[in-house]
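Trainee: Below: one structure in structure tokens.
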Amino acid sequence: MRSDGRKAGELRPVRIIRDYLRHPEGSVLVEFGNTKVICTVSIQDSVPPFLKGKGQGWITAEYSMLPRATQTRNIRESVQGRIGGRTHEIQRMIGRAMRTALDLTKVGERTFWIDCDVIQADGGTRTASITGAFVALVDAVIKLYNDGVLTSTPIKDFVAAVSVGIVNNQILLDLNFEEDSSAEVDMNVVATGSGRISEIQALGEEHSFTKEDFDKMLSLGLEGIKQLIELQKAFFEVQGGIFRKKGVREARL
């Protein structure tokens, strides 16, 4: 048993609340245990210069953490005058994951801004952000469809993410901060509803690891993602490739 009472292959309690904020086209609060992230999607009727005139859209992501999202106060990056390397890495990861989910050739020249703001951190903030951002993105796309702007809801597949690691020689799913900070190996897995892998980040922070370890971690991560995608499906019904919102505001695992 782990310090929080979970089994090795067990997710933390997960909760997603949709329509969490009033103004964005899509917004959720996502919780993985004590990690809490607000994910919003805003739509801009233009694209970056490198896409102008090409008739397709774009997705970009920003990620930040409140100063007291952690045990001690961190200085805001805006005050420091620069974005740190970790933030850049996470933003790009979220953006890549969301571009896996949406067919950008069918949304016109529009940019979907994904904003993920961590209000409380206890490990797994990037995987929680991806899992929650997908729900907010689909809600935003459905709004465009309902408003008659789009003729379809070009979502290619569900997408979610989870962390896996080796702690004290044991493979664990969905690491909290205590586990993550002492992990010998840390992995983040992003995958689709059909089980296709979008991205893997794996790092032997203190030790190298074997292919057998990698395979076991990947299998456990994919099993966790299956559960997260079932949670996402609580919010949507899909008929003839068209996504529609169910009358569900909150879902839990």
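Residues are named by chain letter and number: chains run A, B, ... in the order of the structure tokens, numbers start at 1 in each chain, and ligands are numbered from 1 in the order shown.
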Leaving out range 146-151 of chain A and any residue of its chain fewer than 4 positions from it, which residues lie within 9 Å of it when counting only C-alpha atoms, given as number ranges by chain?

Mentor: A: 106-108, 141-142

Trainee: Counting only C-alpha atoms, which residues of range 152-207 of chain A sit at most 8 Å from some atom of range 79-99 of chain A, and what is each one's closest atom pair with its distance in Å to one decimal, listed by chain and rising residue number, as a tab-separated table?

Mentor:
residue	atom	partner	partner_atom	distance
A:Val159	CA	A:Ala97	CA	7.1
A:Val190	CA	A:Ala97	CA	7.1
A:Ser198	CA	A:Ala97	CA	6.7
A:Glu199	CA	A:Ala97	CA	7.7

Trainee: Write a file of the selected residues as a PDB file, in the first residue's frame, keeping N, CA and C atoms.

Mentor:
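What ended up in part-v3.pdb:
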ATOM      1  N   VAL A 159      -8.356  11.944 -25.880  1.00  0.00           N
ATOM      2  CA  VAL A 159      -6.945  11.985 -25.484  1.00  0.00           C
ATOM      3  C   VAL A 159      -6.866  12.232 -23.986  1.00  0.00           C
ATOM      4  N   VAL A 190       0.877   9.892 -22.913  1.00  0.00           N
ATOM      5  CA  VAL A 190      -0.307  10.497 -23.528  1.00  0.00           C
ATOM      6  C   VAL A 190      -0.800   9.524 -24.593  1.00  0.00           C
ATOM      7  N   SER A 198       0.355   8.964 -28.204  1.00  0.00           N
ATOM      8  CA  SER A 198       0.657  10.298 -28.721  1.00  0.00           C
ATOM      9  C   SER A 198       2.048  10.750 -28.295  1.00  0.00           C
ATOM     10  N   GLU A 199       2.404  10.477 -27.049  1.00  0.00           N
ATOM     11  CA  GLU A 199       3.708  10.924 -26.561  1.00  0.00           C
ATOM     12  C   GLU A 199       4.085  10.124 -25.323  1.00  0.00           C
TER      13      GLU A 199
END

Trainee: Mind checking DSSP for range 180-227 of chain A and telling me the strand (DSSP E) residues as a VMD selection string?

Mentor: chain A and resid 185 to 192 197 to 204

Trainee: Which one is closest to Phe177 in chain A: A:Pro67, A:Gly193, A:Gly132, A:Gly123? Count only C-alpha atoms.

Mentor: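 Of A:Pro67, A:Gly193, A:Gly132, A:Gly123, the one nearest Phe177 in chain A, counting only C-alpha atoms, is A:Gly123.
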
Trainee: Would you pick out the contacts of Ile200 in chain A at 12 Å or less, using only C-alpha atoms, so that residues sharing its chain but fewer than 3 positions from it are not included, and give the list as a PyMOL selection string?

Mentor: chain A and resi 93+96-97+127+161-164+186-191+196-197+203+214-215+217-218+221-222

Trainee: Which value, in Å to one decimal, gives the distance between CA of Ala61 in chain A and CA of Arg22 in chain A?

Mentor: 19.8 Å

Trainee: Find the residue from A:Ser64, A:Leu11, A:Val47, A:Thr40 that sits nearest to Arg76 in chain A; use only C-alpha atoms when measuring.

Mentor: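 The answer is A:Ser64, which sits nearest to Arg76 in chain A.
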
Trainee: Considering only C-alpha atoms, tabulate each residue of range 64-170 of chain A that lies at most 6 Å from range 48-56 of chain A along with its nearest interatomic pair and the corresponding distance in Å to one decimal; arrange the rows by chain and ascending residue number and present them as a tab-separated table.

Mentor:
residue	atom	partner	partner_atom	distance
A:Leu104	CA	A:Gln56	CA	5.6
A:Thr105	CA	A:Gln56	CA	4.5
A:Gly108	CA	A:Gln56	CA	4.9
A:Glu109	CA	A:Gln56	CA	4.9

Trainee: Nearest residue to Ala136 in chain A out of A:Arg6, A:Arg252, A:Arg18, A:Lys245, using only C-alpha atoms?

Mentor: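 Ranking A:Arg6, A:Arg252, A:Arg18, A:Lys245 by distance to Ala136 in chain A, first place goes to A:Arg18.
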
Trainee: Among range 10-251 of chain A, which ones does DSSP place in alpha helix (DSSP H), written as an MDAnalysis selection string?

Mentor: chainID A and resid 77:80 85:101 125:146 177:181 211:233

Trainee: Got time to write the residues from that selection, C-alpha atoms, as a PDB file, in the first residue's frame?

Mentor:
ATOM      1  CA  GLU A  77       7.243  33.913 -13.977  1.00  0.00           C
ATOM      2  CA  SER A  78       5.695  37.139 -15.272  1.00  0.00           C
ATOM      3  CA  VAL A  79       7.449  38.991 -12.450  1.00  0.00           C
ATOM      4  CA  GLN A  80      10.734  37.255 -13.238  1.00  0.00           C
ATOM      5  CA  GLY A  85      12.282  25.708 -19.288  1.00  0.00           C
ATOM      6  CA  ARG A  86       9.875  23.418 -17.426  1.00  0.00           C
ATOM      7  CA  THR A  87       6.934  25.667 -18.317  1.00  0.00           C
ATOM      8  CA  HIS A  88       7.941  25.749 -21.991  1.00  0.00           C
ATOM      9  CA  GLU A  89       8.197  21.962 -22.017  1.00  0.00           C
ATOM     10  CA  ILE A  90       4.762  21.462 -20.442  1.00  0.00           C
ATOM     11  CA  GLN A  91       3.073  24.034 -22.692  1.00  0.00           C
ATOM     12  CA  ARG A  92       4.400  22.304 -25.782  1.00  0.00           C
ATOM     13  CA  MET A  93       3.334  18.916 -24.478  1.00  0.00           C
ATOM     14  CA  ILE A  94      -0.233  20.114 -23.860  1.00  0.00           C
ATOM     15  CA  GLY A  95      -0.378  21.717 -27.306  1.00  0.00           C
ATOM     16  CA  ARG A  96       0.883  18.561 -29.036  1.00  0.00           C
ATOM     17  CA  ALA A  97      -1.657  16.426 -27.182  1.00  0.00           C
ATOM     18  CA  MET A  98      -4.572  18.667 -28.154  1.00  0.00           C
ATOM     19  CA  ARG A  99      -3.439  18.758 -31.790  1.00  0.00           C
ATOM     20  CA  THR A 100      -3.652  14.961 -31.700  1.00  0.00           C
ATOM     21  CA  ALA A 101      -7.337  15.286 -30.827  1.00  0.00           C
ATOM     22  CA  THR A 125       0.045  18.653 -13.121  1.00  0.00           C
ATOM     23  CA  ARG A 126       0.864  18.188 -16.810  1.00  0.00           C
ATOM     24  CA  THR A 127      -1.104  14.949 -17.138  1.00  0.00           C
ATOM     25  CA  ALA A 128      -4.079  16.427 -15.297  1.00  0.00           C
ATOM     26  CA  SER A 129      -3.881  19.467 -17.599  1.00  0.00           C
ATOM     27  CA  ILE A 130      -4.016  17.324 -20.737  1.00  0.00           C
ATOM     28  CA  THR A 131      -6.890  15.192 -19.457  1.00  0.00           C
ATOM     29  CA  GLY A 132      -8.950  18.211 -18.452  1.00  0.00           C
ATOM     30  CA  ALA A 133      -8.035  20.355 -21.456  1.00  0.00           C
ATOM     31  CA  PHE A 134      -9.476  17.743 -23.811  1.00  0.00           C
ATOM     32  CA  VAL A 135     -12.943  18.117 -22.256  1.00  0.00           C
ATOM     33  CA  ALA A 136     -12.725  21.908 -22.468  1.00  0.00           C
ATOM     34  CA  LEU A 137     -11.553  21.715 -26.103  1.00  0.00           C
ATOM     35  CA  VAL A 138     -14.422  19.471 -27.172  1.00  0.00           C
ATOM     36  CA  ASP A 139     -16.919  21.758 -25.427  1.00  0.00           C
ATOM     37  CA  ALA A 140     -15.474  24.704 -27.383  1.00  0.00           C
ATOM     38  CA  VAL A 141     -15.716  22.813 -30.682  1.00  0.00           C
ATOM     39  CA  ILE A 142     -19.307  21.794 -29.911  1.00  0.00           C
ATOM     40  CA  LYS A 143     -20.144  25.465 -29.277  1.00  0.00           C
ATOM     41  CA  LEU A 144     -18.854  26.365 -32.747  1.00  0.00           C
ATOM     42  CA  TYR A 145     -20.950  23.552 -34.210  1.00  0.00           C
ATOM     43  CA  ASN A 146     -24.092  24.563 -32.301  1.00  0.00           C
ATOM     44  CA  PHE A 177       4.417  14.745  -5.301  1.00  0.00           C
ATOM     45  CA  GLU A 178       5.948  12.645  -2.528  1.00  0.00           C
ATOM     46  CA  GLU A 179       6.326   9.688  -4.896  1.00  0.00           C
ATOM     47  CA  ASP A 180       7.455  11.780  -7.847  1.00  0.00           C
ATOM     48  CA  SER A 181      10.157  13.528  -5.854  1.00  0.00           C
ATOM     49  CA  LYS A 211      13.119  -2.520 -21.631  1.00  0.00           C
ATOM     50  CA  GLU A 212      11.090  -4.843 -19.399  1.00  0.00           C
ATOM     51  CA  ASP A 213      10.595  -1.993 -16.925  1.00  0.00           C
ATOM     52  CA  PHE A 214       9.605   0.309 -19.789  1.00  0.00           C
ATOM     53  CA  ASP A 215       7.057  -2.153 -21.158  1.00  0.00           C
ATOM     54  CA  LYS A 216       5.505  -2.673 -17.732  1.00  0.00           C
ATOM     55  CA  MET A 217       5.269   1.072 -17.090  1.00  0.00           C
ATOM     56  CA  LEU A 218       3.763   1.711 -20.509  1.00  0.00           C
ATOM     57  CA  SER A 219       1.164  -1.040 -20.059  1.00  0.00           C
ATOM     58  CA  LEU A 220       0.188   0.317 -16.650  1.00  0.00           C
ATOM     59  CA  GLY A 221      -0.009   3.851 -18.026  1.00  0.00           C
ATOM     60  CA  LEU A 222      -2.255   2.785 -20.898  1.00  0.00           C
ATOM     61  CA  GLU A 223      -4.569   0.993 -18.456  1.00  0.00           C
ATOM     62  CA  GLY A 224      -4.823   4.190 -16.418  1.00  0.00           C
ATOM     63  CA  ILE A 225      -5.562   6.234 -19.544  1.00  0.00           C
ATOM     64  CA  LYS A 226      -8.402   3.863 -20.448  1.00  0.00           C
ATOM     65  CA  GLN A 227     -10.064   4.749 -17.148  1.00  0.00           C
ATOM     66  CA  LEU A 228      -9.530   8.473 -17.670  1.00  0.00           C
ATOM     67  CA  ILE A 229     -11.048   8.323 -21.142  1.00  0.00           C
ATOM     68  CA  GLU A 230     -14.098   6.528 -19.770  1.00  0.00           C
ATOM     69  CA  LEU A 231     -14.439   9.469 -17.394  1.00  0.00           C
ATOM     70  CA  GLN A 232     -14.199  11.918 -20.313  1.00  0.00           C
ATOM     71  CA  LYS A 233     -16.890   9.966 -22.173  1.00  0.00           C
TER      72      LYS A 233
END

Trainee: Tell me, as a PyMOL selection string, which residues lie within 12 Å of Gly240 in chain A, counting only C-alpha atoms; anything in the same chain fewer than 3 positions away does not count.

Mentor: chain A and resi 152-155+237+243-244
